[in-house]
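J.: Before I ask anything, let me first share the structure, which is written out below as structure tokens.
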Amino acid sequence: SFPSTGKFAARATIGTDSGSLPSNTTFDLVNSEYTSTSTTAGDLWDGANSFEFVYSRFEGDFDISIKETAKTHSSGTGRWGKFGLIARQELSGCSRHTIIQDHLPDLQDHRSLSGRVTHNTCGSMFEERDEFGPDVSDHPIYYRLKRTGNVIRGYAADNAAVETDCSNDALWTRIGREDDWGGGAPSKLFGGFANSEHDSEGEQTCDDDCSGDKI
């Protein structure tokens with residue numbers, strides 16, 4: 001677990017980890033910055049649930065945002081590596097989830113909202129890139145995940161103003177659907193930063209500053 005001054009409570013490697021370096025997350029107390037390294041061999045799609053995860057368990061509404069300060073991939077080879085803010089019903093298995101994500105190492109896949117719509121049904125996936133709000137670049141550095149009631153929304157931004165006003169919806173662009181989990185949505189969800197290297201062709205590392213009113 002992280003020191004009490006850390007913003008997330010715990011970390012775990014979900015699924016298969018088969019890289020030359022272990023998947024891990026460290027927290028810089030001075031800069032409030034996480035460094036996540038993933039060597040997970042699976043994906044975060046369909047029946048695969050392999051990712052490095054730093055998280056807390058939130059009850060009720062939450063609003064989490066991050067600034068991506070750096071991202072690298074050791075080989076630069078492969079596609080569908082993904083990372084971002086995720087909410088999950090359970091830590092393992094084909095859990096229902098919603099993630100606002102970006103991709104490495106191949107940048108042809110840009111920021112999107114993705115998720116699994118039926119808990120414990122592996123193939124019930126969606127991925128959407130529609131924008132609702134100010135135009136945003138394909139690979140912005142600011143991301144936000146917000147739960148209000150049973151609805152989870154993902155946002156992205158290029159505007160540095162979100163660093164000092166991270167809850168201002170007007171500064172953000174919603175990506176994809178408003179993901180309504182319905183009346184069966186649990187009161188508590190696991191929320192945090194997920195990093196899936198996908199195909200074990202290298203190590204994928206992301207550095208993130210964390211903000212928001214619930215972490």
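Please note that chains go A, B, ... in the order of the structure tokens, that every chain numbers its residues from 1, and that ligands are numbered from 1 in the order shown.
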Can you pull out every residue within 8 Å of Gly93 (chain A), counting only C-alpha atoms, but drop anything in the same chain fewer than 2 positions away, and send it as a ChimeraX atom specification?

T.: /A:49,90-91,95,120

J.: Would you save the residues from that selection as a compact mmCIF listing (two decimals), in the first residue's frame, using C-alpha atoms?

T.:
# COMPACT_ATOMS: atom_id res chain seq x y z
CA ASN A 49 -8.42 -8.16 -17.98
CA GLU A 90 -14.72 -5.80 -9.09
CA LEU A 91 -10.95 -6.06 -9.29
CA SER A 95 -16.15 -6.96 -14.31
CA ASN A 120 -19.44 -10.93 -15.73

J.: Using only C-alpha atoms, which residues sit within 12 Å of Lys188 (chain A) once same-chain residues fewer than 3 positions away are excluded, as a compact mmCIF listing (two decimals) with all heavy atoms, in the first residue's frame?

T.:
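What follows is the written file part_39.txt:
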# COMPACT_ATOMS: atom_id res chain seq x y z
N SER A 56 -8.51 3.36 -5.31
CA SER A 56 -9.23 3.40 -4.03
C SER A 56 -10.62 2.84 -4.29
O SER A 56 -11.03 2.67 -5.44
CB SER A 56 -9.33 4.83 -3.49
OG SER A 56 -8.08 5.32 -3.10
N ARG A 57 -11.34 2.57 -3.23
CA ARG A 57 -12.74 2.16 -3.37
C ARG A 57 -13.61 3.33 -2.93
O ARG A 57 -13.55 3.77 -1.78
CB ARG A 57 -13.05 0.92 -2.54
CG ARG A 57 -14.34 0.24 -2.98
CD ARG A 57 -14.57 -1.08 -2.29
NE ARG A 57 -15.68 -1.80 -2.90
CZ ARG A 57 -16.27 -2.85 -2.37
NH1 ARG A 57 -15.84 -3.34 -1.21
NH2 ARG A 57 -17.27 -3.45 -2.98
N PHE A 58 -14.39 3.84 -3.88
CA PHE A 58 -15.20 5.02 -3.64
C PHE A 58 -16.66 4.63 -3.40
O PHE A 58 -17.19 3.77 -4.10
CB PHE A 58 -15.14 5.97 -4.84
CG PHE A 58 -13.77 6.50 -5.13
CD1 PHE A 58 -13.09 6.13 -6.28
CD2 PHE A 58 -13.16 7.38 -4.25
CE1 PHE A 58 -11.83 6.62 -6.54
CE2 PHE A 58 -11.90 7.88 -4.52
CZ PHE A 58 -11.23 7.50 -5.66
N GLU A 59 -17.27 5.28 -2.44
CA GLU A 59 -18.71 5.09 -2.21
C GLU A 59 -19.46 6.31 -2.72
O GLU A 59 -19.15 7.45 -2.38
CB GLU A 59 -19.01 4.88 -0.73
CG GLU A 59 -20.49 4.62 -0.46
CD GLU A 59 -20.75 4.09 0.93
OE1 GLU A 59 -19.83 4.12 1.76
OE2 GLU A 59 -21.89 3.65 1.18
N GLY A 60 -20.45 6.07 -3.57
CA GLY A 60 -21.24 7.16 -4.11
C GLY A 60 -20.52 7.92 -5.20
O GLY A 60 -19.66 7.38 -5.90
N ASP A 61 -20.87 9.19 -5.34
CA ASP A 61 -20.31 10.02 -6.42
C ASP A 61 -18.82 10.25 -6.21
O ASP A 61 -18.34 10.32 -5.06
CB ASP A 61 -21.03 11.37 -6.46
CG ASP A 61 -22.50 11.24 -6.86
OD1 ASP A 61 -22.92 10.15 -7.25
OD2 ASP A 61 -23.20 12.26 -6.77
N PHE A 62 -18.10 10.39 -7.30
CA PHE A 62 -16.69 10.76 -7.24
C PHE A 62 -16.34 11.58 -8.48
O PHE A 62 -17.05 11.60 -9.48
CB PHE A 62 -15.77 9.54 -7.13
CG PHE A 62 -15.90 8.54 -8.24
CD1 PHE A 62 -15.31 8.76 -9.49
CD2 PHE A 62 -16.60 7.36 -8.07
CE1 PHE A 62 -15.41 7.83 -10.52
CE2 PHE A 62 -16.72 6.43 -9.09
CZ PHE A 62 -16.12 6.66 -10.32
N ALA A 87 -13.28 2.99 -13.60
CA ALA A 87 -14.13 2.58 -12.49
C ALA A 87 -14.55 1.14 -12.77
O ALA A 87 -15.03 0.83 -13.87
CB ALA A 87 -15.35 3.48 -12.36
N ARG A 88 -14.38 0.27 -11.78
CA ARG A 88 -14.71 -1.15 -11.94
C ARG A 88 -15.57 -1.62 -10.79
O ARG A 88 -15.40 -1.19 -9.64
CB ARG A 88 -13.43 -2.01 -11.99
CG ARG A 88 -12.75 -2.03 -13.33
CD ARG A 88 -11.48 -2.88 -13.27
NE ARG A 88 -11.72 -4.31 -13.21
CZ ARG A 88 -11.87 -5.09 -14.29
NH1 ARG A 88 -11.83 -4.56 -15.50
NH2 ARG A 88 -12.03 -6.39 -14.15
N GLN A 89 -16.44 -2.58 -11.11
CA GLN A 89 -17.29 -3.16 -10.08
C GLN A 89 -16.49 -4.11 -9.21
O GLN A 89 -16.69 -4.16 -7.99
CB GLN A 89 -18.47 -3.88 -10.73
CG GLN A 89 -19.49 -4.41 -9.74
CD GLN A 89 -20.80 -4.79 -10.40
OE1 GLN A 89 -21.12 -4.32 -11.48
NE2 GLN A 89 -21.56 -5.66 -9.75
N GLU A 90 -15.59 -4.88 -9.82
CA GLU A 90 -14.72 -5.80 -9.09
C GLU A 90 -13.31 -5.66 -9.62
O GLU A 90 -13.08 -5.15 -10.72
CB GLU A 90 -15.19 -7.25 -9.25
CG GLU A 90 -16.56 -7.52 -8.63
CD GLU A 90 -17.01 -8.96 -8.85
OE1 GLU A 90 -16.28 -9.71 -9.53
OE2 GLU A 90 -18.09 -9.32 -8.37
N ARG A 147 -18.46 10.22 -11.54
CA ARG A 147 -19.71 9.49 -11.29
C ARG A 147 -20.72 10.42 -10.64
O ARG A 147 -20.43 11.10 -9.65
CB ARG A 147 -19.48 8.29 -10.37
CG ARG A 147 -20.78 7.55 -10.05
CD ARG A 147 -20.59 6.37 -9.11
NE ARG A 147 -21.85 5.67 -8.90
CZ ARG A 147 -21.99 4.55 -8.19
NH1 ARG A 147 -20.93 4.00 -7.61
NH2 ARG A 147 -23.16 3.97 -8.06
N GLY A 149 -24.62 9.77 -9.44
CA GLY A 149 -25.67 8.77 -9.35
C GLY A 149 -25.21 7.46 -9.98
O GLY A 149 -24.18 6.91 -9.59
N ASN A 150 -25.96 6.97 -10.96
CA ASN A 150 -25.59 5.73 -11.65
C ASN A 150 -24.89 5.97 -12.98
O ASN A 150 -24.62 5.02 -13.71
CB ASN A 150 -26.85 4.89 -11.91
CG ASN A 150 -27.50 4.42 -10.62
OD1 ASN A 150 -26.83 4.14 -9.63
ND2 ASN A 150 -28.83 4.34 -10.62
N GLY A 184 -28.97 -1.20 -10.93
CA GLY A 184 -28.16 -2.23 -10.31
C GLY A 184 -26.74 -1.80 -10.00
O GLY A 184 -25.94 -2.61 -9.53
N ALA A 185 -26.42 -0.52 -10.25
CA ALA A 185 -25.06 -0.04 -9.99
C ALA A 185 -24.74 -0.14 -8.50
O ALA A 185 -25.52 0.34 -7.66
CB ALA A 185 -24.92 1.40 -10.46
N GLY A 191 -12.01 2.70 -8.17
CA GLY A 191 -11.66 3.74 -9.12
C GLY A 191 -10.19 4.09 -9.03
O GLY A 191 -9.62 4.16 -7.93

J.: Identify, on the basis of only C-alpha atoms, every residue whose closest approach to Glu131 (chain A) does not exceed 9 Å; exclude the query and any residue fewer than 6 positions from it along the same chain; express the result as an MDAnalysis selection string.

T.: chainID A and resid 173:176

J.: Could the residues in this selection be written to a file with N, CA and C atoms, as a PDB file, in the first residue's frame?

T.:
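The result, stored in selection01.pdb:
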ATOM      1  N   THR A 173     -14.058  18.373 -22.266  1.00  0.00           N
ATOM      2  CA  THR A 173     -14.822  17.800 -23.366  1.00  0.00           C
ATOM      3  C   THR A 173     -15.211  16.374 -23.004  1.00  0.00           C
ATOM      4  N   ARG A 174     -16.516  16.124 -22.955  1.00  0.00           N
ATOM      5  CA  ARG A 174     -16.938  14.743 -22.685  1.00  0.00           C
ATOM      6  C   ARG A 174     -16.658  13.878 -23.906  1.00  0.00           C
ATOM      7  N   ILE A 175     -16.132  12.691 -23.658  1.00  0.00           N
ATOM      8  CA  ILE A 175     -15.819  11.731 -24.716  1.00  0.00           C
ATOM      9  C   ILE A 175     -16.796  10.562 -24.617  1.00  0.00           C
ATOM     10  N   GLY A 176     -17.460  10.267 -25.741  1.00  0.00           N
ATOM     11  CA  GLY A 176     -18.347   9.112 -25.774  1.00  0.00           C
ATOM     12  C   GLY A 176     -19.627   9.297 -24.977  1.00  0.00           C
TER      13      GLY A 176
END

J.: Taking only C-alpha atoms into account, which of A:Cys166, A:Val117, A:Leu189, A:Leu44 comes nearest Asp63 (chain A)?

T.: A:Cys166

J.: I'd like to know which of A:Trp172, A:Arg144, A:Ser196, A:Thr98 is closest to Trp80 (chain A), using only C-alpha atoms.

T.: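 Once distances to Trp80 (chain A) are computed over only C-alpha atoms, the minimum belongs to A:Ser196.
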
J.: Rank A:Pro134, A:Pro22, A:Gly84, A:Gly42 by their smallest atom-to-atom distance to Asp207 (chain A), using only C-alpha atoms, and report the top residue only.

T.: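 Of A:Pro134, A:Pro22, A:Gly84, A:Gly42, the one nearest Asp207 (chain A) is A:Gly84, counting only C-alpha atoms.
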
J.: Using only C-alpha atoms, which residues sit within 10 Å of Asn159 (chain A) once same-chain residues fewer than 5 positions away are excluded, as a PDB file with N, CA and C atoms, in the first residue's frame?

T.:
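out34.pdb written:
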ATOM      1  N   PRO A 134     -15.725  21.572 -26.200  1.00  0.00           N
ATOM      2  CA  PRO A 134     -14.658  22.171 -26.994  1.00  0.00           C
ATOM      3  C   PRO A 134     -13.838  21.098 -27.721  1.00  0.00           C
ATOM      4  N   VAL A 136     -10.932  18.878 -28.831  1.00  0.00           N
ATOM      5  CA  VAL A 136      -9.794  18.393 -28.051  1.00  0.00           C
ATOM      6  C   VAL A 136      -8.915  17.546 -28.962  1.00  0.00           C
ATOM      7  N   PRO A 140      -4.673  14.214 -25.719  1.00  0.00           N
ATOM      8  CA  PRO A 140      -4.519  15.273 -24.714  1.00  0.00           C
ATOM      9  C   PRO A 140      -3.824  14.751 -23.461  1.00  0.00           C
ATOM     10  N   ILE A 141      -3.466  15.662 -22.566  1.00  0.00           N
ATOM     11  CA  ILE A 141      -2.742  15.251 -21.357  1.00  0.00           C
ATOM     12  C   ILE A 141      -3.614  15.294 -20.096  1.00  0.00           C
ATOM     13  N   TYR A 142      -4.828  15.814 -20.203  1.00  0.00           N
ATOM     14  CA  TYR A 142      -5.713  15.872 -19.034  1.00  0.00           C
ATOM     15  C   TYR A 142      -6.904  14.935 -19.231  1.00  0.00           C
ATOM     16  N   LEU A 171     -14.705  23.478 -18.937  1.00  0.00           N
ATOM     17  CA  LEU A 171     -13.316  23.392 -19.392  1.00  0.00           C
ATOM     18  C   LEU A 171     -12.988  22.031 -20.008  1.00  0.00           C
ATOM     19  N   TRP A 172     -13.898  21.093 -19.870  1.00  0.00           N
ATOM     20  CA  TRP A 172     -13.657  19.721 -20.305  1.00  0.00           C
ATOM     21  C   TRP A 172     -14.510  19.366 -21.514  1.00  0.00           C
TER      22      TRP A 172
END

J.: Could you tell me which of A:Lys146, A:Asn168, A:Phe132, A:His119 comes closest to Gly182 (chain A) if we count only C-alpha atoms?

T.: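 Checking each of A:Lys146, A:Asn168, A:Phe132, A:His119 against Gly182 (chain A), counting only C-alpha atoms, the winner is A:His119.
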
J.: Ala194 (chain A): which residues within 9 Å, counting only C-alpha atoms, same-chain residues fewer than 3 positions away excluded, as a PyMOL selection string?

T.: chain A and resi 36+51-55+82-86+99+101

J.: What is the distance, in Å and to one decimal place, between CA of Thr121 (chain A) and CA of Ile100 (chain A)?

T.: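 Atom-to-atom, CA of Thr121 (chain A) and CA of Ile100 (chain A) are spaced 20.1 Å apart.
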
J.: Just checking: using only C-alpha atoms, which residue out of A:Leu145, A:Leu113, A:Ala70, A:Ala10 ends up closest to Thr205 (chain A)?

T.: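 Nearest candidate to Thr205 (chain A) out of A:Leu145, A:Leu113, A:Ala70, A:Ala10: A:Ala70.
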
J.: Identify all residues of region 25-206 of chain A in strand (DSSP E or B) (DSSP on the backbone) and supply them as number ranges by chain.

T.: A: 25-28, 33-38, 40, 44-45, 48-49, 51-59, 62-73, 81-88, 97-104, 112-116, 125-128, 131-132, 142-148, 151-157, 173-180, 188-196, 204-206

J.: Would you please work out which residue, of A:His97, A:His103, A:His139, A:Arg111, is nearest to Ile152 (chain A) when using only C-alpha atoms?

T.: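 So, comparing all the options, the nearest one is A:His97.
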
J.: Tell me which protein, DNA and RNA residues are within 9 Å of Gly81 (chain A), counting only C-alpha atoms, leaving out same-chain ones fewer than 4 positions away, and put them as a ChimeraX atom specification.

T.: /A:43-44,102-106,195-199,204

J.: Based on the selection just made, write all heavy atoms of those residues as a short mmCIF file (atom, residue, chain, number, x, y, z; two decimals), in the first residue's frame.

T.:
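Okay, out28.cif is ready:
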data_model
loop_
_atom_site.label_atom_id
_atom_site.label_comp_id
_atom_site.auth_asym_id
_atom_site.auth_seq_id
_atom_site.Cartn_x
_atom_site.Cartn_y
_atom_site.Cartn_z
N ASP A 43 -4.93 -7.85 -22.43
CA ASP A 43 -5.52 -6.59 -22.84
C ASP A 43 -6.53 -6.17 -21.77
O ASP A 43 -6.67 -6.84 -20.74
CB ASP A 43 -6.22 -6.79 -24.21
CG ASP A 43 -6.52 -5.49 -24.93
OD1 ASP A 43 -6.27 -4.42 -24.35
OD2 ASP A 43 -7.03 -5.56 -26.05
N LEU A 44 -7.22 -5.11 -22.02
CA LEU A 44 -8.36 -4.69 -21.21
C LEU A 44 -9.54 -4.56 -22.16
O LEU A 44 -10.01 -3.50 -22.50
CB LEU A 44 -8.03 -3.36 -20.52
CG LEU A 44 -8.97 -2.83 -19.44
CD1 LEU A 44 -9.31 -3.90 -18.42
CD2 LEU A 44 -8.35 -1.63 -18.75
N ASP A 102 -6.23 6.63 -23.17
CA ASP A 102 -5.39 6.92 -24.33
C ASP A 102 -4.59 5.66 -24.63
O ASP A 102 -4.74 4.64 -23.93
CB ASP A 102 -4.49 8.12 -24.06
CG ASP A 102 -3.95 8.75 -25.33
OD1 ASP A 102 -4.32 8.31 -26.44
OD2 ASP A 102 -3.15 9.70 -25.24
N HIS A 103 -3.71 5.72 -25.66
CA HIS A 103 -3.07 4.50 -26.15
C HIS A 103 -1.58 4.68 -26.41
O HIS A 103 -1.11 5.77 -26.71
CB HIS A 103 -3.75 4.05 -27.45
CG HIS A 103 -5.19 3.73 -27.31
ND1 HIS A 103 -5.66 2.47 -27.03
CD2 HIS A 103 -6.29 4.52 -27.36
CE1 HIS A 103 -6.98 2.48 -26.95
NE2 HIS A 103 -7.38 3.73 -27.15
N LEU A 104 -0.84 3.59 -26.31
CA LEU A 104 0.56 3.43 -26.69
C LEU A 104 0.74 2.00 -27.20
O LEU A 104 -0.06 1.12 -26.85
CB LEU A 104 1.48 3.63 -25.48
CG LEU A 104 1.93 5.05 -25.11
CD1 LEU A 104 2.83 4.97 -23.88
CD2 LEU A 104 2.66 5.75 -26.23
N PRO A 105 1.83 1.74 -27.98
CA PRO A 105 2.75 2.72 -28.57
C PRO A 105 2.25 3.28 -29.91
O PRO A 105 2.71 4.32 -30.35
CB PRO A 105 4.02 1.92 -28.77
CG PRO A 105 3.54 0.53 -29.02
CD PRO A 105 2.32 0.36 -28.17
N ASP A 106 1.33 2.58 -30.56
CA ASP A 106 0.79 3.03 -31.84
C ASP A 106 -0.26 4.10 -31.58
O ASP A 106 -1.26 3.84 -30.91
CB ASP A 106 0.18 1.84 -32.58
CG ASP A 106 -0.18 2.14 -34.03
OD1 ASP A 106 -0.54 3.30 -34.30
OD2 ASP A 106 -0.10 1.23 -34.87
N ASN A 195 -3.27 0.69 -16.37
CA ASN A 195 -2.22 0.72 -17.38
C ASN A 195 -2.05 -0.69 -17.93
O ASN A 195 -1.56 -1.58 -17.25
CB ASN A 195 -0.92 1.23 -16.75
CG ASN A 195 0.22 1.39 -17.75
OD1 ASN A 195 0.02 1.27 -18.96
ND2 ASN A 195 1.40 1.68 -17.25
N SER A 196 -2.49 -0.91 -19.18
CA SER A 196 -2.45 -2.23 -19.80
C SER A 196 -1.50 -2.21 -21.00
O SER A 196 -1.77 -1.55 -22.00
CB SER A 196 -3.86 -2.64 -20.26
OG SER A 196 -3.81 -3.85 -20.99
N GLU A 197 -0.40 -2.96 -20.89
CA GLU A 197 0.59 -2.97 -21.97
C GLU A 197 0.14 -3.80 -23.16
O GLU A 197 0.69 -3.69 -24.25
CB GLU A 197 1.94 -3.46 -21.42
CG GLU A 197 3.15 -3.10 -22.26
CD GLU A 197 3.41 -4.12 -23.36
OE1 GLU A 197 3.05 -5.29 -23.19
OE2 GLU A 197 4.00 -3.71 -24.39
N HIS A 198 -0.81 -4.67 -22.94
CA HIS A 198 -1.52 -5.45 -23.95
C HIS A 198 -0.82 -6.70 -24.41
O HIS A 198 -1.33 -7.79 -24.24
CB HIS A 198 -1.89 -4.60 -25.19
CG HIS A 198 -2.56 -5.40 -26.27
ND1 HIS A 198 -1.90 -5.86 -27.37
CD2 HIS A 198 -3.82 -5.86 -26.38
CE1 HIS A 198 -2.73 -6.56 -28.13
NE2 HIS A 198 -3.90 -6.57 -27.55
N ASP A 199 0.37 -6.60 -25.06
CA ASP A 199 0.89 -7.78 -25.75
C ASP A 199 2.30 -8.18 -25.32
O ASP A 199 2.95 -8.98 -25.98
CB ASP A 199 0.86 -7.58 -27.27
CG ASP A 199 1.53 -6.29 -27.69
OD1 ASP A 199 2.26 -5.70 -26.87
OD2 ASP A 199 1.31 -5.87 -28.83
N GLN A 204 5.47 -0.47 -20.67
CA GLN A 204 4.75 0.77 -20.91
C GLN A 204 4.69 1.55 -19.60
O GLN A 204 4.18 1.04 -18.61
CB GLN A 204 3.34 0.46 -21.40
CG GLN A 204 2.46 1.66 -21.67
CD GLN A 204 1.20 1.24 -22.40
OE1 GLN A 204 1.23 0.92 -23.58
NE2 GLN A 204 0.08 1.22 -21.68
#

J.: Rounded to one decimal, what separation in Å do you get between CA of Thr40 (chain A) and CA of Ala12 (chain A)?

T.: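 Atom-to-atom, CA of Thr40 (chain A) and CA of Ala12 (chain A) are spaced 11.6 Å apart.
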